[in-house]
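> So that you have it, the file is final-v8.tsv, and it contains TSV, C-alpha atoms:
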```
chain	number	residue	atom	x	y	z
A	1	MET	CA	-7.84	12.18	-11.79
A	2	THR	CA	-9.84	11.48	-14.94
A	3	GLU	CA	-12.22	8.54	-15.24
A	4	GLN	CA	-10.14	7.15	-18.10
A	5	LYS	CA	-6.97	7.17	-16.00
A	6	GLU	CA	-8.74	5.52	-13.06
A	7	LEU	CA	-10.01	2.81	-15.39
A	8	LEU	CA	-6.51	2.09	-16.68
A	9	LEU	CA	-4.99	2.13	-13.20
A	10	SER	CA	-7.70	-0.26	-12.02
A	11	GLN	CA	-6.40	-2.72	-14.61
A	12	LEU	CA	-3.00	-2.45	-12.90
A	13	GLY	CA	-4.38	-3.23	-9.44
A	14	PHE	CA	-5.41	0.12	-7.94
A	15	ARG	CA	-8.85	0.69	-6.43
A	16	PHE	CA	-10.95	3.85	-6.51
A	17	GLY	CA	-14.35	4.99	-5.28
A	18	ILE	CA	-15.60	6.12	-1.89
A	19	ASN	CA	-15.59	2.87	0.11
A	20	GLY	CA	-12.83	0.83	1.65
A	21	PRO	CA	-12.05	-1.71	4.38
A	22	HIS	CA	-10.85	0.97	6.80
A	23	ALA	CA	-14.45	1.76	7.57
A	24	ALA	CA	-14.36	-1.56	9.47
A	25	ARG	CA	-10.72	-2.72	9.84
A	26	THR	CA	-7.10	-1.67	10.00
A	27	MET	CA	-4.74	-2.90	7.29
A	28	MET	CA	-4.64	-6.29	9.12
A	29	LEU	CA	-0.83	-6.53	9.15
A	30	ASP	CA	-0.69	-9.48	11.55
A	31	ASP	CA	-3.22	-11.41	9.46
A	32	LEU	CA	-1.31	-10.67	6.28
A	33	ARG	CA	1.90	-11.91	7.84
A	34	LEU	CA	0.21	-15.15	8.92
A	35	LEU	CA	-1.35	-15.73	5.53
A	36	LEU	CA	1.82	-15.14	3.54
A	37	GLU	CA	3.82	-17.24	6.00
A	38	HIS	CA	1.48	-20.20	5.48
A	39	THR	CA	1.15	-20.01	1.70
A	40	SER	CA	3.60	-20.52	-1.12
A	41	PRO	CA	4.94	-17.57	-3.14
A	42	GLN	CA	3.39	-19.39	-6.11
A	43	ALA	CA	-0.03	-19.62	-4.44
A	44	THR	CA	-3.12	-18.96	-6.54
A	45	ARG	CA	-6.14	-16.92	-5.53
A	46	ALA	CA	-7.91	-20.22	-4.77
A	47	ASP	CA	-5.02	-21.20	-2.47
A	48	TYR	CA	-5.39	-17.99	-0.43
A	49	ILE	CA	-9.14	-18.50	-0.14
A	50	SER	CA	-8.64	-22.09	1.00
A	51	ALA	CA	-5.96	-21.08	3.51
A	52	VAL	CA	-8.21	-18.50	5.17
A	53	VAL	CA	-11.60	-20.23	4.96
A	54	ASP	CA	-10.80	-23.96	5.02
A	55	ALA	CA	-7.46	-24.21	6.84
A	56	ASN	CA	-8.21	-21.20	9.08
A	57	VAL	CA	-4.57	-20.09	9.15
A	58	LEU	CA	-5.72	-16.80	10.68
A	59	GLY	CA	-7.28	-18.59	13.67
A	60	LYS	CA	-10.72	-17.00	13.37
A	61	PRO	CA	-13.45	-18.43	15.68
A	62	THR	CA	-16.18	-19.01	13.09
A	63	ARG	CA	-16.52	-19.62	9.37
A	64	LYS	CA	-18.34	-16.31	9.03
A	65	ALA	CA	-15.41	-14.52	10.68
A	66	ARG	CA	-13.01	-16.26	8.29
A	67	GLU	CA	-15.06	-15.22	5.26
A	68	LEU	CA	-15.28	-11.64	6.49
A	69	ALA	CA	-11.51	-11.50	7.10
A	70	LEU	CA	-10.93	-12.89	3.62
A	71	ARG	CA	-13.21	-10.28	2.07
A	72	HIS	CA	-11.39	-7.40	3.77
A	73	MET	CA	-7.94	-8.80	2.98
A	74	ALA	CA	-8.83	-9.45	-0.65
A	75	THR	CA	-10.03	-5.87	-0.97
A	76	LEU	CA	-6.88	-4.50	0.67
A	77	TYR	CA	-4.30	-6.71	-1.02
A	78	ALA	CA	-6.10	-8.52	-3.89
A	79	LEU	CA	-4.53	-11.88	-2.89
A	80	ASP	CA	-4.34	-12.65	-6.58
A	81	PRO	CA	-1.14	-13.21	-8.60
A	82	ALA	CA	-2.97	-11.70	-11.60
A	83	ASN	CA	-2.75	-8.36	-9.80
A	84	PRO	CA	0.67	-6.70	-10.47
A	85	ILE	CA	0.64	-4.78	-7.18
A	86	PHE	CA	0.07	-7.95	-5.17
A	87	ARG	CA	2.71	-9.79	-7.22
A	88	ALA	CA	5.23	-7.08	-6.33
A	89	LEU	CA	4.25	-7.29	-2.66
A	90	ARG	CA	4.61	-11.07	-2.67
A	91	ARG	CA	8.00	-10.81	-4.41
A	92	LEU	CA	9.44	-8.34	-1.89
A	93	TRP	CA	7.68	-9.56	1.27
A	94	PRO	CA	10.03	-12.38	2.39
A	95	LEU	CA	13.23	-10.41	1.79
A	96	ASN	CA	13.13	-8.20	4.89
A	97	GLU	CA	10.71	-8.50	7.80
A	98	ALA	CA	11.48	-4.94	8.91
A	99	ALA	CA	10.22	-3.63	5.57
A	100	GLN	CA	6.90	-5.47	5.75
A	101	PRO	CA	4.86	-2.77	7.57
A	102	LEU	CA	5.61	-0.17	4.89
A	103	LEU	CA	5.08	-2.71	2.12
A	104	ALA	CA	1.63	-3.48	3.49
A	105	LEU	CA	0.83	0.21	3.93
A	106	ALA	CA	1.82	1.00	0.35
A	107	VAL	CA	-0.53	-1.65	-1.07
A	108	ALA	CA	-3.33	-0.69	1.33
A	109	LEU	CA	-3.02	2.94	0.20
A	110	ALA	CA	-3.17	1.88	-3.44
A	111	ARG	CA	-6.32	-0.17	-2.85
A	112	ASP	CA	-8.31	1.64	-0.13
A	113	PRO	CA	-9.53	5.11	-1.12
A	114	LEU	CA	-10.62	5.82	2.47
A	115	LEU	CA	-7.12	5.25	3.82
A	116	ARG	CA	-5.53	7.08	0.88
A	117	GLY	CA	-7.61	10.14	1.65
A	118	THR	CA	-6.00	10.45	5.09
A	119	GLN	CA	-2.42	10.56	3.75
A	120	PRO	CA	-2.27	14.39	3.39
A	121	PHE	CA	-3.40	14.82	6.99
A	122	ILE	CA	-0.91	12.32	8.42
A	123	LEU	CA	2.06	13.50	6.37
A	124	GLY	CA	1.21	17.09	7.25
A	125	GLN	CA	2.02	16.40	10.91
A	126	VAL	CA	5.52	17.29	12.08
A	127	ALA	CA	7.60	14.44	13.55
A	128	GLY	CA	7.26	14.30	17.32
A	129	THR	CA	3.96	16.19	17.49
A	130	SER	CA	0.81	14.71	18.99
A	131	VAL	CA	-1.88	13.42	16.62
A	132	PRO	CA	-5.01	13.04	18.77
A	133	ARG	CA	-7.93	10.96	17.56
A	134	GLU	CA	-10.14	14.04	17.71
A	135	ALA	CA	-7.97	15.78	15.11
A	136	MET	CA	-8.30	12.78	12.82
A	137	GLU	CA	-12.07	12.75	13.36
A	138	ALA	CA	-12.26	16.46	12.53
A	139	PHE	CA	-10.31	15.88	9.30
A	140	LEU	CA	-12.48	12.93	8.30
A	141	SER	CA	-15.65	14.82	9.11
A	142	ALA	CA	-14.50	17.73	6.95
A	143	THR	CA	-13.57	15.52	4.01
A	144	HIS	CA	-16.64	13.27	4.32
A	145	PRO	CA	-19.36	15.66	5.55
A	146	ASP	CA	-22.56	14.01	6.79
A	147	ARG	CA	-21.31	10.56	5.80
A	148	PHE	CA	-20.47	9.03	9.18
A	149	SER	CA	-22.35	8.86	12.44
A	150	PRO	CA	-20.33	9.89	15.50
A	151	ALA	CA	-19.77	6.22	16.40
A	152	SER	CA	-18.72	5.32	12.85
A	153	LEU	CA	-16.44	8.35	12.68
A	154	LYS	CA	-14.70	7.30	15.89
A	155	SER	CA	-14.26	3.74	14.64
A	156	PHE	CA	-12.95	4.92	11.26
A	157	ALA	CA	-10.47	7.27	12.95
A	158	GLN	CA	-9.25	4.47	15.22
A	159	ASN	CA	-8.82	2.07	12.30
A	160	VAL	CA	-6.89	4.60	10.24
A	161	ALA	CA	-4.68	5.53	13.19
A	162	GLY	CA	-4.08	1.83	13.85
A	163	THR	CA	-2.84	1.32	10.31
A	164	TRP	CA	-0.54	4.34	10.30
A	165	THR	CA	0.80	3.16	13.66
A	166	ALA	CA	1.38	-0.42	12.47
A	167	ALA	CA	3.28	1.02	9.51
A	168	GLY	CA	5.55	3.07	11.78
A	169	VAL	CA	4.30	6.48	10.65
A	170	LEU	CA	2.60	7.09	13.99
A	171	HIS	CA	3.81	5.92	17.39
A	172	GLY	CA	2.05	5.10	20.65
A	173	ARG	CA	-0.85	2.94	21.79
A	174	VAL	CA	-3.24	5.56	23.16
A	175	ARG	CA	-1.51	8.90	22.58
A	176	LYS	CA	-0.35	8.97	18.98
A	177	THR	CA	2.64	11.00	17.85
A	178	ARG	CA	4.08	11.46	14.39
A	179	ALA	CA	7.12	9.22	13.99
A	180	VAL	CA	10.11	9.22	11.65
A	181	VAL	CA	9.72	6.40	9.13
A	182	GLN	CA	12.50	3.86	8.74
A	183	PRO	CA	12.77	3.08	5.01
A	184	HIS	CA	14.36	-0.01	3.49
A	185	PRO	CA	15.37	-0.88	-0.08
A	186	GLU	CA	12.37	-3.23	-0.35
A	187	SER	CA	9.82	-0.58	0.61
A	188	VAL	CA	11.47	2.01	-1.63
A	189	THR	CA	11.28	-0.49	-4.50
A	190	LEU	CA	7.53	-0.96	-4.04
A	191	LEU	CA	6.86	2.76	-3.67
A	192	LEU	CA	8.82	3.50	-6.84
A	193	PHE	CA	6.95	0.69	-8.59
A	194	LEU	CA	3.59	2.22	-7.66
A	195	GLY	CA	4.71	5.53	-9.13
A	196	TYR	CA	5.94	3.67	-12.20
A	197	LEU	CA	2.51	2.07	-12.63
A	198	GLU	CA	1.03	5.58	-12.56
A	199	GLY	CA	3.10	6.42	-15.63
A	200	ARG	CA	5.95	8.25	-13.95
A	201	SER	CA	9.56	7.81	-15.01
A	202	GLY	CA	13.01	9.14	-14.21
A	203	GLN	CA	13.20	12.05	-11.78
A	204	ARG	CA	9.40	12.25	-11.46
A	205	LEU	CA	9.39	8.89	-9.68
A	206	PHE	CA	11.27	10.43	-6.76
A	207	SER	CA	8.80	13.27	-6.20
A	208	SER	CA	5.55	11.29	-6.09
A	209	ASP	CA	3.15	11.08	-3.15
A	210	TRP	CA	4.41	7.52	-2.68
A	211	MET	CA	7.94	8.70	-1.94
A	212	ASN	CA	6.64	11.47	0.31
A	213	LEU	CA	5.63	8.71	2.73
A	214	LEU	CA	9.28	8.30	3.67
A	215	GLY	CA	10.16	11.90	4.45
A	216	CYS	CA	13.66	11.36	3.04
A	217	SER	CA	15.90	13.69	1.09
A	218	LEU	CA	16.49	13.02	-2.60
A	219	ASP	CA	20.03	11.85	-1.81
A	220	GLU	CA	18.69	9.34	0.73
A	221	LEU	CA	16.07	8.05	-1.70
A	222	GLU	CA	18.66	7.63	-4.44
A	223	ALA	CA	20.96	5.75	-2.05
A	224	LEU	CA	18.11	3.38	-1.15
A	225	ALA	CA	17.21	2.92	-4.82
A	226	SER	CA	20.86	2.20	-5.60
A	227	SER	CA	20.95	-0.40	-2.82
A	228	ALA	CA	17.79	-2.00	-4.21
A	229	SER	CA	19.33	-2.05	-7.66
A	230	HIS	CA	22.51	-3.73	-6.39
A	231	ARG	CA	20.29	-6.44	-4.89
A	232	SER	CA	18.46	-6.90	-8.22
A	233	LEU	CA	15.14	-5.74	-6.77
A	234	MET	CA	14.91	-3.22	-9.63
A	235	VAL	CA	17.19	-1.36	-12.02
A	236	PHE	CA	18.33	2.15	-11.09
A	237	MET	CA	20.86	4.13	-13.09
A	238	ASN	CA	21.84	7.73	-12.43
A	239	ALA	CA	24.30	9.35	-14.80
A	240	GLY	CA	24.76	13.07	-15.23
A	241	GLY	CA	21.57	13.78	-13.33
A	242	VAL	CA	19.51	11.61	-15.69
A	243	LYS	CA	17.73	8.84	-13.80
A	244	GLU	CA	16.48	5.58	-15.25
A	245	VAL	CA	14.30	3.22	-13.21
A	246	ARG	CA	13.06	-0.12	-14.54
A	247	PHE	CA	11.35	-3.17	-13.06
A	248	PRO	CA	12.33	-6.22	-15.13
A	249	GLY	CA	9.94	-9.13	-14.71
A	250	TYR	CA	7.35	-7.17	-12.72
A	251	LEU	CA	4.82	-6.69	-15.52
A	252	THR	CA	3.47	-8.80	-18.34
A	253	PRO	CA	3.68	-7.28	-21.85
A	254	GLU	CA	-0.05	-6.54	-21.67
A	255	GLU	CA	0.32	-4.77	-18.31
A	256	GLU	CA	3.26	-2.76	-19.60
A	257	GLN	CA	1.10	-1.63	-22.51
A	258	VAL	CA	-1.58	-0.44	-20.09
A	259	ARG	CA	1.10	1.40	-18.10
A	260	GLN	CA	2.24	3.13	-21.27
A	261	GLU	CA	-1.34	4.20	-21.90
A	262	VAL	CA	-1.55	5.59	-18.35
A	263	SER	CA	1.52	7.73	-18.98
A	264	HIS	CA	-0.22	9.46	-21.88
A	265	VAL	CA	-3.50	10.18	-20.09
A	266	VAL	CA	-3.78	13.50	-18.27
```
Using structure tokens, write down the structure that the file contains.


Amino acid sequence: MTEQKELLLSQLGFRFGINGPHAARTMMLDDLRLLLEHTSPQATRADYISAVVDANVLGKPTRKARELALRHMATLYALDPANPIFRALRRLWPLNEAAQPLLALAVALARDPLLRGTQPFILGQVAGTSVPREAMEAFLSATHPDRFSPASLKSFAQNVAGTWTAAGVLHGRVRKTRAVVQPHPESVTLLLFLGYLEGRSGQRLFSSDWMNLLGCSLDELEALASSASHRSLMVFMNAGGVKEVRFPGYLTPEEEQVRQEVSHVV
């Protein structure tokens, strides 16, 4: 991906680079659920900061622990209504609790380059097969040579595996196996939206790396998109094999202009 495209996508809420919270944490699904449960959908960035640090809605033992949790969560999810990816998450989050793990994973992938780098490895595993920590460590060591100490590599592998497990892509507490993901209209909406932000449209939205997370056939994805459209989560029209996908109200005019620029950058 070119530097210009990364710069534009950063304006739409994505994060790039070589560092990410998964060097120290999982995607913190339980904490995210607590925070969004105890804050208004109209909450500001200052409200999220106050909820974590002052009100301690996450139940952390010390102020330092609260501030550290806030830092990781803000990196993973932005916690800022000015960020279009977080706005989409906040919009879809309360609609279906069963969809929340995949919603969180989608945003974490968009904002943590370390986690995003493990997606090819995880999705390359066949459903039902074992995914031992050692295999994850070997993959991480190969993709980040000489970067991690053995202890750090083990911790990173455990954090990544914990996130993929919380999202339902892996299964098991100690022995991890590749699971079959259970998609929902809400999660499909967010995954399509992320592809849309990347400048995709029409049929190309259904063949992105985001949609590959679900392991569904094109017919299944279209059925889920149609269901989302009927519930006014997005607009999906499919006539004569020509697909149109729109997200009314998701972007400001300025953000839409940036998205249009993204679509023209190679």

> Which residues, written as a JSON list (two decimals) with C-alpha atoms, in the coordinates of the input, have at least one atom at most 8 Å from range 232-242 of chain A, with all atoms listed in the file counted and residues fewer than 3 positions away on the same chain left out?


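File produced: result28.json:
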```
[["chain", "number", "residue", "atom", "x", "y", "z"],
["A", 92, "LEU", "CA", 9.44, -8.34, -1.89],
["A", 186, "GLU", "CA", 12.37, -3.23, -0.35],
["A", 189, "THR", "CA", 11.28, -0.49, -4.50],
["A", 202, "GLY", "CA", 13.01, 9.14, -14.21],
["A", 203, "GLN", "CA", 13.20, 12.05, -11.78],
["A", 225, "ALA", "CA", 17.21, 2.92, -4.82],
["A", 226, "SER", "CA", 20.86, 2.20, -5.60],
["A", 228, "ALA", "CA", 17.79, -2.00, -4.21],
["A", 229, "SER", "CA", 19.33, -2.05, -7.66],
["A", 245, "VAL", "CA", 14.30, 3.22, -13.21],
["A", 246, "ARG", "CA", 13.06, -0.12, -14.54],
["A", 247, "PHE", "CA", 11.35, -3.17, -13.06],
["A", 248, "PRO", "CA", 12.33, -6.22, -15.13]]
```

> Could you check which of A:Ser155, A:Gln119, A:Gln260, A:Thr163 is closest to Asp30 in chain A, using all atoms listed in the file?

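Nearest candidate to Asp30 in chain A out of A:Ser155, A:Gln119, A:Gln260, A:Thr163: A:Thr163.
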
> Using only C-alpha atoms, determine which residues lie at most 9 Å from Lys176 in chain A, disregarding the query and same-chain residues fewer than 5 positions distant; provide the list as a list in words.

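My list of contacting residues is Thr129, Ser130, Val131, Pro132, Arg133, Ala161, Thr165, Leu170 and His171 of chain A.
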
> With C-alpha atoms retained, export the selected residues as a PDB file, in the frame of the given file.


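As written to disk, result.pdb reads:
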```
ATOM      1  CA  THR A 129       3.960  16.190  17.490  1.00  0.00           C
ATOM      2  CA  SER A 130       0.810  14.710  18.990  1.00  0.00           C
ATOM      3  CA  VAL A 131      -1.880  13.420  16.620  1.00  0.00           C
ATOM      4  CA  PRO A 132      -5.010  13.040  18.770  1.00  0.00           C
ATOM      5  CA  ARG A 133      -7.930  10.960  17.560  1.00  0.00           C
ATOM      6  CA  ALA A 161      -4.680   5.530  13.190  1.00  0.00           C
ATOM      7  CA  THR A 165       0.800   3.160  13.660  1.00  0.00           C
ATOM      8  CA  LEU A 170       2.600   7.090  13.990  1.00  0.00           C
ATOM      9  CA  HIS A 171       3.810   5.920  17.390  1.00  0.00           C
TER      10      HIS A 171
END
```

> Go through A:Gly124, A:Pro94, A:Pro61, A:Pro113 and flag the residue nearest Ile18 in chain A, using only C-alpha atoms for the distances.

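Closest to Ile18 in chain A, using only C-alpha atoms: A:Pro113.
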
> Could you work out an axis-aligned bounding box for all listed atoms of range 178-190 of chain A, with 3 Å added on each of the six sides, and give its centre and edge lengths in Å to one decimal, as lines of an AutoDock Vina configuration file?


```
center_x = 9.7
center_y = 4.1
center_z = 4.9
size_x = 17.3
size_y = 20.7
size_z = 24.9
```

> Which residue gives the smallest distance to Ile122 in chain A among A:Arg178, A:Ala82, A:Ala69, A:Gly172, with all atoms listed in the file counted?

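Closest to Ile122 in chain A, using all atoms listed in the file: A:Arg178.
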
> Leu70 in chain A: which residues within 12 Å, counting only C-alpha atoms, same-chain residues fewer than 2 positions away excluded, as a PyMOL selection string?

chain A and resi 21+25+28+31-32+35+45-54+56-58+60+63-68+72-79

> Using CA of Leu105 in chain A and CA of Glu3 in chain A as the two end points, give the distance in Å to one decimal.

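Here the two named atoms are 24.6 Å from each other.
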
> Neighbouring residues of Phe139 in chain A were defined as those with any atom within 9 Å, considering only C-alpha atoms; residues of the same chain fewer than 4 positions away were excluded. Please report them as a PDB file with C-alpha atoms, in the coordinates of the input.


```
ATOM      1  CA  THR A 118      -6.000  10.450   5.090  1.00  0.00           C
ATOM      2  CA  PHE A 121      -3.400  14.820   6.990  1.00  0.00           C
ATOM      3  CA  GLU A 134     -10.140  14.040  17.710  1.00  0.00           C
ATOM      4  CA  ALA A 135      -7.970  15.780  15.110  1.00  0.00           C
ATOM      5  CA  THR A 143     -13.570  15.520   4.010  1.00  0.00           C
ATOM      6  CA  HIS A 144     -16.640  13.270   4.320  1.00  0.00           C
TER       7      HIS A 144
END
```

> Can you tell me how far CA of Asn83 in chain A sits from CA of Gly199 in chain A, in Å to one decimal?

16.9 Å

> Which distance in Å separates CA of Asp219 in chain A and CA of Phe14 in chain A, to one decimal?

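These atoms are spaced 28.7 Å apart.
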
> Around the point (-10.9, 1.2, 3.9), in the coordinates given by the file, pick out the residues reaching within 6 Å, counting only C-alpha atoms, and return them as a PyMOL selection string.

chain A and resi 20-23+112+114-115

> Find the residues near Gln182 in chain A: any atom within 8 Å, counting only C-alpha atoms, skip ones fewer than 2 places away on the same chain, and give them as a PyMOL selection string.

chain A and resi 168+180+184+214

> Of the candidates A:Ala142, A:Arg116, A:Leu205, A:Glu198, which one gets nearest to Leu7 in chain A if we count only C-alpha atoms?

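Under the stated criterion, the closest residue is A:Glu198.
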
> In terms of the shortest atom-to-atom distance over all atoms listed in the file, which of A:Trp210, A:Arg147, A:Leu12, A:Pro185 is closest to Thr252 in chain A?

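Checking each candidate against Thr252 in chain A, we get A:Leu12 as the closest.
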